[in-house]
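Coordinates from start_26.json are shown below (JSON, C-alpha atoms and all ligand atoms).
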[["chain", "number", "residue", "atom", "x", "y", "z"],
["M", 1, "MET", "CA", -11.37, -29.66, -7.31],
["M", 2, "LYS", "CA", -13.95, -29.41, -4.56],
["M", 3, "CYS", "CA", -14.46, -26.88, -1.78],
["M", 4, "ARG", "CA", -13.12, -28.24, 1.47],
["M", 5, "LYS", "CA", -16.10, -26.88, 3.38],
["M", 6, "CYS", "CA", -19.12, -27.77, 1.24],
["M", 7, "SER", "CA", -17.87, -29.92, -1.69],
["M", 8, "ALA", "CA", -19.20, -27.47, -4.26],
["M", 9, "LYS", "CA", -16.87, -26.65, -7.15],
["M", 10, "ALA", "CA", -13.80, -24.78, -5.89],
["M", 11, "VAL", "CA", -12.93, -21.45, -7.51],
["M", 12, "ILE", "CA", -9.47, -21.23, -5.97],
["M", 13, "ASN", "CA", -6.88, -23.66, -4.75],
["M", 14, "MET", "CA", -4.37, -22.21, -2.31],
["M", 15, "ARG", "CA", -1.71, -24.85, -2.30],
["M", 16, "GLN", "CA", 0.41, -23.15, 0.30],
["M", 17, "HIS", "CA", -2.53, -23.46, 2.72],
["M", 18, "LYS", "CA", -3.66, -26.83, 1.26],
["M", 19, "LEU", "CA", -7.05, -25.21, 0.90],
["M", 20, "ALA", "CA", -9.51, -25.17, -2.01],
["M", 21, "LEU", "CA", -12.72, -23.17, -1.61],
["M", 22, "CYS", "CA", -15.91, -22.35, -3.51],
["M", 23, "LYS", "CA", -16.87, -18.73, -4.13],
["M", 24, "GLU", "CA", -19.03, -18.35, -1.04],
["M", 25, "HIS", "CA", -16.52, -19.94, 1.31],
["M", 26, "TYR", "CA", -13.58, -18.14, -0.27],
["M", 27, "LEU", "CA", -15.16, -14.72, 0.31],
["M", 28, "GLU", "CA", -16.00, -15.75, 3.87],
["M", 29, "TRP", "CA", -12.42, -16.99, 4.45],
["M", 30, "PHE", "CA", -10.93, -13.80, 2.99],
["M", 31, "LEU", "CA", -12.92, -11.55, 5.33],
["M", 32, "ALA", "CA", -12.17, -13.72, 8.36],
["M", 33, "GLN", "CA", -8.44, -13.78, 7.57],
["M", 34, "THR", "CA", -8.31, -9.99, 7.18],
["M", 35, "GLU", "CA", -10.05, -9.59, 10.52],
["M", 36, "ARG", "CA", -7.58, -12.02, 12.09],
["M", 37, "PHE", "CA", -4.56, -10.08, 10.75],
["M", 38, "ILE", "CA", -6.02, -6.74, 11.92],
["M", 39, "ARG", "CA", -6.39, -8.11, 15.44],
["M", 40, "LYS", "CA", -3.19, -10.12, 15.54],
["M", 41, "TYR", "CA", -1.02, -7.14, 14.62],
["M", 42, "ARG", "CA", -3.22, -4.66, 16.55],
["M", 43, "MET", "CA", -3.76, -2.49, 13.49],
["M", 44, "PHE", "CA", -6.90, -0.67, 14.63],
["M", 45, "THR", "CA", -10.12, -1.20, 16.54],
["M", 46, "PRO", "CA", -13.75, -0.68, 15.46],
["M", 47, "GLU", "CA", -13.77, 2.54, 17.51],
["M", 48, "GLU", "CA", -10.89, 4.02, 15.52],
["M", 49, "ARG", "CA", -11.09, 5.79, 12.17],
["M", 50, "VAL", "CA", -9.15, 4.45, 9.23],
["M", 51, "LEU", "CA", -8.14, 6.22, 6.03],
["M", 52, "VAL", "CA", -7.60, 3.84, 3.11],
["M", 53, "ALA", "CA", -5.33, 5.05, 0.31],
["M", 54, "VAL", "CA", -7.04, 3.96, -2.91],
["M", 55, "SER", "CA", -5.35, 4.00, -6.30],
["M", 56, "GLY", "CA", -8.06, 2.39, -8.42],
["M", 57, "GLY", "CA", -6.14, -0.91, -8.39],
["M", 58, "LYS", "CA", -7.51, -4.21, -7.10],
["M", 59, "ASP", "CA", -5.71, -4.33, -3.76],
["M", 60, "SER", "CA", -6.70, -0.94, -2.43],
["M", 61, "LEU", "CA", -10.32, -1.15, -3.61],
["M", 62, "ALA", "CA", -10.65, -4.68, -2.24],
["M", 63, "LEU", "CA", -9.22, -3.48, 1.06],
["M", 64, "TRP", "CA", -11.72, -0.65, 1.36],
["M", 65, "ASP", "CA", -14.55, -3.05, 0.47],
["M", 66, "VAL", "CA", -13.43, -5.59, 3.08],
["M", 67, "LEU", "CA", -12.95, -3.03, 5.88],
["M", 68, "VAL", "CA", -16.44, -1.64, 5.32],
["M", 69, "LYS", "CA", -17.93, -5.15, 5.27],
["M", 70, "LEU", "CA", -16.15, -5.95, 8.52],
["M", 71, "GLY", "CA", -17.80, -2.90, 10.07],
["M", 72, "TYR", "CA", -14.77, -0.64, 10.39],
["M", 73, "GLN", "CA", -15.01, 3.13, 10.01],
["M", 74, "ALA", "CA", -13.07, 3.41, 6.78],
["M", 75, "ASP", "CA", -12.90, 6.41, 4.48],
["M", 76, "GLY", "CA", -10.98, 6.54, 1.21],
["M", 77, "LEU", "CA", -8.27, 8.85, -0.08],
["M", 78, "TYR", "CA", -7.54, 9.18, -3.78],
["M", 79, "ILE", "CA", -4.53, 11.19, -4.96],
["M", 80, "GLY", "CA", -4.67, 12.50, -8.54],
["M", 81, "LEU", "CA", -1.08, 12.35, -9.75],
["M", 82, "GLY", "CA", -1.71, 13.72, -13.25],
["M", 83, "ILE", "CA", -0.02, 10.76, -14.97],
["M", 84, "ASP", "CA", -1.09, 10.11, -18.52],
["M", 85, "GLY", "CA", 1.53, 7.80, -20.01],
["M", 86, "GLY", "CA", -0.40, 7.64, -23.28],
["M", 87, "VAL", "CA", -3.15, 5.61, -21.61],
["M", 88, "GLY", "CA", -4.75, 8.29, -19.46],
["M", 89, "TYR", "CA", -3.59, 6.36, -16.39],
["M", 90, "SER", "CA", -4.69, 8.84, -13.69],
["M", 91, "ALA", "CA", -7.98, 9.67, -15.40],
["M", 92, "GLN", "CA", -8.81, 5.98, -15.74],
["M", 93, "SER", "CA", -7.85, 5.11, -12.19],
["M", 94, "TYR", "CA", -9.95, 7.97, -10.80],
["M", 95, "GLU", "CA", -12.91, 6.76, -12.84],
["M", 96, "LYS", "CA", -12.65, 3.32, -11.21],
["M", 97, "VAL", "CA", -12.56, 4.82, -7.74],
["M", 98, "ARG", "CA", -15.48, 7.12, -8.49],
["M", 99, "LYS", "CA", -17.59, 4.21, -9.74],
["M", 100, "PHE", "CA", -16.68, 2.13, -6.70],
["M", 101, "VAL", "CA", -17.92, 4.90, -4.39],
["M", 102, "GLU", "CA", -21.03, 5.55, -6.46],
["M", 103, "ALA", "CA", -22.06, 1.91, -6.12],
["M", 104, "ARG", "CA", -21.72, 2.02, -2.33],
["M", 105, "PRO", "CA", -23.81, 4.84, -0.86],
["M", 106, "GLY", "CA", -22.53, 6.19, 2.42],
["M", 107, "LEU", "CA", -18.83, 5.88, 1.65],
["M", 108, "HIS", "CA", -16.70, 8.98, 2.09],
["M", 109, "LEU", "CA", -13.89, 9.71, -0.36],
["M", 110, "GLU", "CA", -11.28, 12.45, -0.01],
["M", 111, "VAL", "CA", -9.72, 13.51, -3.29],
["M", 112, "VAL", "CA", -6.49, 15.47, -3.58],
["M", 113, "ASP", "CA", -5.47, 16.56, -7.05],
["M", 114, "VAL", "CA", -1.76, 17.23, -7.03],
["M", 115, "ALA", "CA", -1.70, 19.71, -9.95],
["M", 116, "SER", "CA", -4.49, 21.95, -8.68],
["M", 117, "THR", "CA", -3.30, 21.76, -5.07],
["M", 118, "TYR", "CA", 0.45, 22.14, -5.51],
["M", 119, "GLY", "CA", 0.90, 23.68, -8.95],
["M", 120, "ALA", "CA", 2.08, 20.89, -11.26],
["M", 121, "THR", "CA", 1.46, 17.25, -12.14],
["M", 122, "ILE", "CA", 3.90, 14.64, -10.88],
["M", 123, "PRO", "CA", 5.62, 14.15, -14.28],
["M", 124, "THR", "CA", 6.06, 17.94, -14.65],
["M", 125, "ALA", "CA", 7.44, 18.22, -11.12],
["M", 126, "ALA", "CA", 9.94, 15.46, -11.84],
["M", 127, "ARG", "CA", 10.98, 17.05, -15.12],
["M", 128, "VAL", "CA", 11.55, 20.58, -13.80],
["M", 129, "THR", "CA", 13.40, 19.54, -10.65],
["M", 130, "ARG", "CA", 15.24, 16.61, -12.24],
["M", 131, "ARG", "CA", 14.68, 14.83, -8.95],
["M", 132, "GLY", "CA", 15.15, 11.10, -9.53],
["M", 133, "LYS", "CA", 16.92, 11.94, -12.81],
["M", 134, "GLY", "CA", 13.59, 13.07, -14.27],
["M", 135, "LYS", "CA", 11.88, 9.73, -13.48],
["M", 136, "PRO", "CA", 8.76, 10.63, -11.50],
["M", 137, "CYS", "CA", 8.85, 7.89, -8.83],
["M", 138, "SER", "CA", 11.02, 9.77, -6.37],
["M", 139, "VAL", "CA", 8.93, 12.96, -6.34],
["M", 140, "CYS", "CA", 5.77, 10.83, -6.56],
["M", 141, "GLY", "CA", 6.63, 8.79, -3.44],
["M", 142, "LEU", "CA", 7.60, 11.91, -1.51],
["M", 143, "THR", "CA", 4.37, 13.67, -2.50],
["M", 144, "LYS", "CA", 2.07, 10.72, -1.81],
["M", 145, "ARG", "CA", 3.58, 10.23, 1.66],
["M", 146, "HIS", "CA", 3.14, 13.90, 2.46],
["M", 147, "ILE", "CA", -0.48, 14.01, 1.29],
["M", 148, "MET", "CA", -1.43, 10.80, 3.10],
["M", 149, "ASN", "CA", 0.06, 12.13, 6.34],
["M", 150, "ARG", "CA", -1.60, 15.50, 5.90],
["M", 151, "VAL", "CA", -5.08, 14.18, 5.14],
["M", 152, "ALA", "CA", -4.84, 11.64, 7.97],
["M", 153, "ARG", "CA", -3.73, 14.34, 10.41],
["M", 154, "ASP", "CA", -6.26, 16.97, 9.32],
["M", 155, "GLY", "CA", -9.09, 14.47, 9.33],
["M", 156, "GLY", "CA", -8.17, 13.07, 12.75],
["M", 157, "TYR", "CA", -7.65, 9.49, 11.46],
["M", 158, "ASP", "CA", -5.99, 6.94, 13.74],
["M", 159, "ALA", "CA", -4.62, 4.68, 11.02],
["M", 160, "LEU", "CA", -3.64, 4.96, 7.40],
["M", 161, "ALA", "CA", -4.19, 1.70, 5.52],
["M", 162, "THR", "CA", -2.62, 0.68, 2.22],
["M", 163, "GLY", "CA", -3.40, -2.34, 0.06],
["M", 164, "HIS", "CA", 0.12, -3.84, -0.02],
["M", 165, "ASN", "CA", -0.10, -7.60, -0.46],
["M", 166, "LEU", "CA", 2.37, -10.39, 0.30],
["M", 167, "ASP", "CA", 3.99, -10.17, -3.14],
["M", 168, "ASP", "CA", 4.66, -6.46, -2.57],
["M", 169, "GLU", "CA", 5.99, -7.00, 0.93],
["M", 170, "ALA", "CA", 8.15, -9.98, 0.00],
["M", 171, "ALA", "CA", 9.67, -7.98, -2.88],
["M", 172, "VAL", "CA", 10.50, -5.04, -0.57],
["M", 173, "LEU", "CA", 11.91, -7.46, 1.99],
["M", 174, "PHE", "CA", 14.00, -9.16, -0.68],
["M", 175, "GLY", "CA", 15.43, -5.81, -1.81],
["M", 176, "ASN", "CA", 16.15, -4.70, 1.74],
["M", 177, "THR", "CA", 17.82, -8.02, 2.55],
["M", 178, "LEU", "CA", 19.85, -8.11, -0.65],
["M", 179, "HIS", "CA", 21.35, -4.76, 0.28],
["M", 180, "TRP", "CA", 21.24, -5.39, 4.05],
["M", 181, "GLN", "CA", 19.41, -2.18, 4.67],
["M", 182, "VAL", "CA", 18.90, -2.96, 8.32],
["M", 183, "GLY", "CA", 17.35, 0.41, 9.08],
["M", 184, "TYR", "CA", 14.60, -0.32, 6.55],
["M", 185, "LEU", "CA", 14.25, -3.89, 7.77],
["M", 186, "ALA", "CA", 13.69, -2.62, 11.30],
["M", 187, "ARG", "CA", 10.82, -0.48, 10.05],
["M", 188, "GLN", "CA", 9.17, -2.98, 7.68],
["M", 189, "GLY", "CA", 6.12, -4.77, 9.00],
["M", 190, "PRO", "CA", 2.33, -4.96, 9.08],
["M", 191, "VAL", "CA", 2.17, -1.92, 11.39],
["M", 192, "LEU", "CA", 4.40, 1.11, 11.56],
["M", 193, "PRO", "CA", 3.61, 3.06, 14.72],
["M", 194, "ALA", "CA", 3.19, 6.82, 14.43],
["M", 195, "SER", "CA", 6.67, 8.31, 14.64],
["M", 196, "HIS", "CA", 5.48, 11.77, 15.54],
["M", 197, "GLU", "CA", 2.56, 13.35, 17.29],
["M", 198, "GLY", "CA", -0.34, 13.96, 14.95],
["M", 199, "LEU", "CA", 0.76, 11.27, 12.49],
["M", 200, "ALA", "CA", -1.38, 8.21, 11.89],
["M", 201, "ARG", "CA", 0.06, 4.73, 12.28],
["M", 202, "LYS", "CA", 0.52, 2.93, 8.96],
["M", 203, "VAL", "CA", -1.07, -0.46, 8.52],
["M", 204, "LYS", "CA", -1.18, -3.14, 5.81],
["M", 205, "PRO", "CA", -4.08, -5.50, 6.50],
["M", 206, "PHE", "CA", -3.46, -7.51, 3.28],
["M", 207, "CYS", "CA", 0.25, -8.12, 3.87],
["M", 208, "ARG", "CA", -0.25, -11.88, 4.27],
["M", 209, "PHE", "CA", -2.38, -12.42, 1.17],
["M", 210, "TYR", "CA", -0.81, -13.51, -2.09],
["M", 211, "GLU", "CA", -1.55, -11.20, -4.98],
["M", 212, "ARG", "CA", -3.67, -13.88, -6.66],
["M", 213, "GLU", "CA", -5.78, -14.06, -3.50],
["M", 214, "THR", "CA", -6.56, -10.34, -3.48],
["M", 215, "ALA", "CA", -7.17, -10.49, -7.25],
["M", 216, "ALA", "CA", -9.57, -13.40, -6.75],
["M", 217, "TYR", "CA", -11.42, -11.46, -4.07],
["M", 218, "ALA", "CA", -11.77, -8.40, -6.34],
["M", 219, "LEU", "CA", -12.94, -10.51, -9.29],
["M", 220, "LEU", "CA", -15.41, -12.59, -7.30],
["M", 221, "THR", "CA", -16.86, -9.48, -5.66],
["M", 222, "GLY", "CA", -17.23, -7.78, -9.03],
["M", 223, "ILE", "CA", -14.96, -4.86, -8.19],
["M", 224, "ASP", "CA", -14.06, -3.02, -11.38],
["M", 225, "TYR", "CA", -10.43, -1.94, -11.10],
["M", 226, "ILE", "CA", -7.65, -0.64, -13.32],
["M", 227, "TYR", "CA", -5.55, -3.52, -14.68],
["M", 228, "GLU", "CA", -2.71, -1.39, -15.97],
["M", 229, "GLU", "CA", 0.17, -0.56, -13.71],
["M", 230, "CYS", "CA", 1.37, 3.01, -13.62],
["M", 231, "PRO", "CA", 3.36, 3.48, -16.86],
["M", 232, "TYR", "CA", 6.41, 4.49, -14.83],
["M", 233, "ALA", "CA", 6.45, 1.21, -12.90],
["M", 234, "ALA", "CA", 7.98, -0.62, -15.87],
["M", 235, "GLY", "CA", 11.58, -1.54, -15.23],
["M", 236, "ALA", "CA", 11.31, -0.87, -11.50],
["M", 237, "ARG", "CA", 13.55, -3.01, -9.37],
["M", 238, "SER", "CA", 10.60, -4.20, -7.31],
["M", 239, "ILE", "CA", 9.11, -5.80, -10.44],
["M", 240, "TYR", "CA", 12.32, -7.69, -11.05],
["M", 241, "TYR", "CA", 12.34, -8.90, -7.43],
["M", 242, "LYS", "CA", 8.75, -10.05, -7.85],
["M", 243, "GLU", "CA", 9.74, -12.11, -10.88],
["M", 244, "VAL", "CA", 12.61, -13.72, -9.00],
["M", 245, "LEU", "CA", 10.33, -14.58, -6.10],
["M", 246, "ASN", "CA", 7.68, -15.93, -8.48],
["M", 247, "ARG", "CA", 10.24, -18.36, -9.84],
["M", 248, "LEU", "CA", 11.12, -19.45, -6.36],
["M", 249, "GLU", "CA", 7.46, -19.84, -5.47],
["M", 250, "ALA", "CA", 6.79, -21.93, -8.59],
["M", 251, "GLU", "CA", 9.27, -24.51, -7.35],
["M", 252, "ARG", "CA", 8.61, -24.23, -3.65],
["M", 253, "ARG", "CA", 4.97, -23.54, -2.80],
["M", 254, "GLY", "CA", 4.65, -21.13, 0.08],
["M", 255, "ALA", "CA", 8.21, -19.80, -0.22],
["M", 256, "LYS", "CA", 7.12, -16.16, -0.24],
["M", 257, "LEU", "CA", 4.91, -16.57, 2.78],
["M", 258, "GLN", "CA", 7.64, -18.43, 4.68],
["M", 259, "PHE", "CA", 10.18, -15.76, 3.78],
["M", 260, "TYR", "CA", 7.91, -12.99, 5.07],
["M", 261, "LEU", "CA", 6.66, -14.77, 8.18],
["M", 262, "GLY", "CA", 10.19, -15.87, 9.09],
["M", 263, "PHE", "CA", 11.25, -12.25, 8.86],
["M", 264, "LEU", "CA", 8.37, -11.09, 11.08],
["M", 265, "ARG", "CA", 9.34, -13.72, 13.69],
["M", 266, "ALA", "CA", 12.96, -12.59, 13.64],
["M", 267, "ARG", "CA", 11.83, -9.01, 13.96],
["M", 268, "GLU", "CA", 9.64, -9.84, 16.91],
["M", 269, "GLN", "CA", 12.57, -11.56, 18.58],
["M", 270, "GLY", "CA", 14.44, -8.27, 18.37],
["M", 271, "VAL", "CA", 16.94, -9.26, 15.65],
["M", 272, "PHE", "CA", 16.75, -5.80, 14.13],
["M", 273, "GLN", "CA", 16.33, -3.87, 17.36],
["M", 274, "SER", "CA", 19.81, -2.38, 17.35],
["M", 275, "ALA", "CA", 19.08, -0.94, 13.90],
["M", 276, "GLN", "CA", 16.05, 0.90, 15.15],
["M", 277, "GLU", "CA", 17.39, 4.34, 14.47],
["M", 278, "GLN", "CA", 16.66, 6.92, 17.07],
["M", 279, "VAL", "CA", 16.64, 9.78, 14.60],
["M", 280, "GLN", "CA", 15.84, 13.11, 16.08],
["M", 281, "LEU", "CA", 12.85, 14.39, 14.12],
["M", 282, "ASN", "CA", 12.27, 18.09, 13.65],
["M", 283, "THR", "CA", 9.08, 19.81, 12.61],
["M", 284, "CYS", "CA", 8.94, 21.43, 9.18],
["M", 285, "PRO", "CA", 8.17, 25.15, 9.69],
["M", 286, "THR", "CA", 6.08, 25.25, 6.50],
["M", 287, "CYS", "CA", 3.85, 22.17, 6.69],
["M", 288, "GLY", "CA", 4.29, 21.00, 10.28],
["M", 289, "GLN", "CA", 5.21, 17.45, 9.30],
["M", 290, "PRO", "CA", 8.18, 15.66, 10.84],
["M", 291, "THR", "CA", 11.48, 15.78, 9.00],
["M", 292, "ALA", "CA", 14.95, 14.44, 9.67],
["M", 293, "VAL", "CA", 16.59, 17.63, 8.42],
["M", 294, "GLU", "CA", 16.71, 21.09, 9.95],
["M", 295, "GLY", "CA", 14.40, 23.65, 8.32],
["M", 296, "GLN", "CA", 11.97, 22.85, 5.54],
["M", 297, "CYS", "CA", 11.18, 19.21, 4.77],
["M", 298, "ALA", "CA", 12.05, 17.63, 1.42],
["M", 299, "PHE", "CA", 8.44, 17.89, 0.24],
["M", 300, "CYS", "CA", 8.18, 21.63, 0.86],
["M", 301, "ARG", "CA", 11.62, 22.34, -0.59],
["M", 302, "THR", "CA", 10.90, 20.30, -3.71],
["M", 303, "TRP", "CA", 7.50, 21.84, -4.36],
["M", 304, "ASP", "CA", 8.73, 25.42, -3.77],
["M", 305, "GLN", "CA", 11.30, 24.70, -6.45],
["M", 306, "VAL", "CA", 8.69, 23.17, -8.78],
["M", 307, "ARG", "CA", 6.44, 26.25, -8.54],
["M", 308, "GLU", "CA", 9.36, 28.62, -9.07],
["M", 309, "ARG", "CA", 10.55, 26.76, -12.15],
["M", 310, "VAL", "CA", 7.09, 26.30, -13.63],
["M", 311, "ALA", "CA", 6.41, 30.03, -13.18],
["M", 312, "ALA", "CA", 9.78, 30.95, -14.74],
["M", 313, "SER", "CA", 9.20, 28.73, -17.75],
["M", 314, "SER", "CA", 5.76, 30.18, -18.42],
["M", 315, "VAL", "CA", 6.97, 33.80, -18.39],
["M", 401, "LIG", "S1", 5.83, 5.89, -7.67],
["M", 401, "LIG", "FE1", 6.36, 5.68, -9.82],
["M", 401, "LIG", "FE2", 4.37, 4.45, -8.54],
["M", 401, "LIG", "FE3", 4.30, 7.10, -8.74],
["M", 401, "LIG", "S2", 5.21, 7.36, -10.73],
["M", 401, "LIG", "FE4", 3.91, 5.58, -10.91],
["M", 401, "LIG", "S3", 5.30, 3.90, -10.50],
["M", 401, "LIG", "S4", 2.61, 5.72, -9.13],
["M", 401, "LIG", "S5", 3.73, 3.12, -6.92],
["M", 402, "ZN", "ZN", -17.87, -24.13, -0.19],
["M", 403, "ZN", "ZN", 7.20, 20.64, 4.94]]

Can the structure in the file be given as structure tokens, please?
Amino acid sequence: MKCRKCSAKAVINMRQHKLALCKEHYLEWFLAQTERFIRKYRMFTPEERVLVAVSGGKDSLALWDVLVKLGYQADGLYIGLGIDGGVGYSAQSYEKVRKFVEARPGLHLEVVDVASTYGATIPTAARVTRRGKGKPCSVCGLTKRHIMNRVARDGGYDALATGHNLDDEAAVLFGNTLHWQVGYLARQGPVLPASHEGLARKVKPFCRFYERETAAYALLTGIDYIYEECPYAAGARSIYYKEVLNRLEAERRGAKLQFYLGFLRAREQGVFQSAQEQVQLNTCPTCGQPTAVEGQCAFCRTWDQVRERVAASSV
């Protein structure tokens, strides 16, 4: 297989785009496509400041790398969840992020360690509160969202970027469609505008790249990332949806992309407009973040409970 641009040996063949490229032209194409998506969906401008949530995985590190290469003002945020899972998952993922930053002088990384900041690791918090039936994902998601919003607000960032790729987005879309969660569908997209003053808009510059495309970028650029998924991801519904969509894709090239782009078109045409909930948001008296409930937000309530229970059990 030859590169369409220079006839050198192709390193990747993207059948859904009918495009095979060599290393040099693939990396060039990847940067240009990211830039195109950022502009098309009006994610942010070069004058704005972007906070990239990095987990140590390929997508988020590749995203940070690309944004810096494109000349955007992008800082990183790493959240230490305190997850071991027998493989030292958090320790390993932090190591990858640290090395990434070390190799690129001038980058700024914010680090928030959940245990030392809030009083317990994510698995401990899940265990003592039994939130999510003891499975950490519910308290983990709540905590990550809170920290991302807080750091973005305190640091005066305009946008908060995550490395979600097309496989992630198509799986979420599939789940939302399967259950006709129209409220979620109305809010899914490459850009989620700030819902409250002081909050950053949320953006996903990689949402139109297949996972193998972001993986190829990370590999070809020599980014060292953590291959393992979080140990708690096993058995998640989103993984099952990804498998179903992979089977569909294997038979119909481009099916995932069509599914996602068709959804974005429908959304643009206002198909989900009536589902756009006009929820009245209140301000949490403890942390100042928006919340749909009266009084303390779910994050503050949960973590007050975690600290109380951890203190009681250590007496
Ligand atoms: S939510 Fe669950 Fe993830 Fe948190 S505990 Fe791991 S799998 S990291 S995206
Ligand atoms: Zn080429
Ligand atoms: Zn709060």

Report as a PDB file with C-alpha atoms, keeping the file's coordinate frame which protein, DNA and RNA residues come within 7 Å of ligand ZN 403 (chain M), using only C-alpha atoms and all ligand atoms.
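Final output, out-v7.pdb:
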ATOM      1  CA  CYS M 284       8.940  21.430   9.180  1.00  0.00           C
ATOM      2  CA  PRO M 285       8.170  25.150   9.690  1.00  0.00           C
ATOM      3  CA  THR M 286       6.080  25.250   6.500  1.00  0.00           C
ATOM      4  CA  CYS M 287       3.850  22.170   6.690  1.00  0.00           C
ATOM      5  CA  GLY M 288       4.290  21.000  10.280  1.00  0.00           C
ATOM      6  CA  GLN M 289       5.210  17.450   9.300  1.00  0.00           C
ATOM      7  CA  GLN M 296      11.970  22.850   5.540  1.00  0.00           C
ATOM      8  CA  CYS M 297      11.180  19.210   4.770  1.00  0.00           C
ATOM      9  CA  ALA M 298      12.050  17.630   1.420  1.00  0.00           C
ATOM     10  CA  PHE M 299       8.440  17.890   0.240  1.00  0.00           C
ATOM     11  CA  CYS M 300       8.180  21.630   0.860  1.00  0.00           C
TER      12      CYS M 300
END

Shell around Glu197 (chain M) at 12 Å using all atoms listed in the file, local window under 3 positions removed, as an MDAnalysis selection string:
chainID M and resid 149 153 156 158 193:194 200:201 281:283 288:290

Excluding Gln280 (chain M) and residues on its chain fewer than 4 positions from it, collect all residues at most 9 Å away from it, counting all atoms listed in the file, and give them as a ChimeraX atom specification.
/M:291-293

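For ligand ZN 402 (chain M), the set of protein, DNA and RNA residues within 7 Å, based on all atoms listed in the file, reads M:Cys3, M:Arg4, M:Lys5, M:Cys6, M:Ser7, M:Ala8, M:Leu21, M:Cys22, M:Lys23, M:Glu24, M:His25.
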
Let's have the selection written as a PDB file, keeping the file's coordinate frame, with C-alpha atoms.
ATOM      1  CA  CYS M   3     -14.460 -26.880  -1.780  1.00  0.00           C
ATOM      2  CA  ARG M   4     -13.120 -28.240   1.470  1.00  0.00           C
ATOM      3  CA  LYS M   5     -16.100 -26.880   3.380  1.00  0.00           C
ATOM      4  CA  CYS M   6     -19.120 -27.770   1.240  1.00  0.00           C
ATOM      5  CA  SER M   7     -17.870 -29.920  -1.690  1.00  0.00           C
ATOM      6  CA  ALA M   8     -19.200 -27.470  -4.260  1.00  0.00           C
ATOM      7  CA  LEU M  21     -12.720 -23.170  -1.610  1.00  0.00           C
ATOM      8  CA  CYS M  22     -15.910 -22.350  -3.510  1.00  0.00           C
ATOM      9  CA  LYS M  23     -16.870 -18.730  -4.130  1.00  0.00           C
ATOM     10  CA  GLU M  24     -19.030 -18.350  -1.040  1.00  0.00           C
ATOM     11  CA  HIS M  25     -16.520 -19.940   1.310  1.00  0.00           C
TER      12      HIS M  25
END

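Taking all atoms listed in the file into account, the protein and nucleic acid residues that come at most 8 Å from ligand LIG 401 (chain M) are Leu81, Ile83, Ile122, Pro123, Lys135, Pro136, Cys137, Ser138, Val139, Cys140, Gly141, Glu229, Cys230, Pro231, Tyr232, Ala233, Ala234 and Ala236 of chain M.
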
Dump of C-alpha atoms for the selected residues, as a PDB file, in the frame of the given file:
ATOM      1  CA  LEU M  81      -1.080  12.350  -9.750  1.00  0.00           C
ATOM      2  CA  ILE M  83      -0.020  10.760 -14.970  1.00  0.00           C
ATOM      3  CA  ILE M 122       3.900  14.640 -10.880  1.00  0.00           C
ATOM      4  CA  PRO M 123       5.620  14.150 -14.280  1.00  0.00           C
ATOM      5  CA  LYS M 135      11.880   9.730 -13.480  1.00  0.00           C
ATOM      6  CA  PRO M 136       8.760  10.630 -11.500  1.00  0.00           C
ATOM      7  CA  CYS M 137       8.850   7.890  -8.830  1.00  0.00           C
ATOM      8  CA  SER M 138      11.020   9.770  -6.370  1.00  0.00           C
ATOM      9  CA  VAL M 139       8.930  12.960  -6.340  1.00  0.00           C
ATOM     10  CA  CYS M 140       5.770  10.830  -6.560  1.00  0.00           C
ATOM     11  CA  GLY M 141       6.630   8.790  -3.440  1.00  0.00           C
ATOM     12  CA  GLU M 229       0.170  -0.560 -13.710  1.00  0.00           C
ATOM     13  CA  CYS M 230       1.370   3.010 -13.620  1.00  0.00           C
ATOM     14  CA  PRO M 231       3.360   3.480 -16.860  1.00  0.00           C
ATOM     15  CA  TYR M 232       6.410   4.490 -14.830  1.00  0.00           C
ATOM     16  CA  ALA M 233       6.450   1.210 -12.900  1.00  0.00           C
ATOM     17  CA  ALA M 234       7.980  -0.620 -15.870  1.00  0.00           C
ATOM     18  CA  ALA M 236      11.310  -0.870 -11.500  1.00  0.00           C
TER      19      ALA M 236
END

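Each of M:Ala216, M:Lys99, M:Tyr227, M:Leu109 was compared to Val11 (chain M) using all atoms listed in the file, and M:Ala216 turns out to be the nearest.
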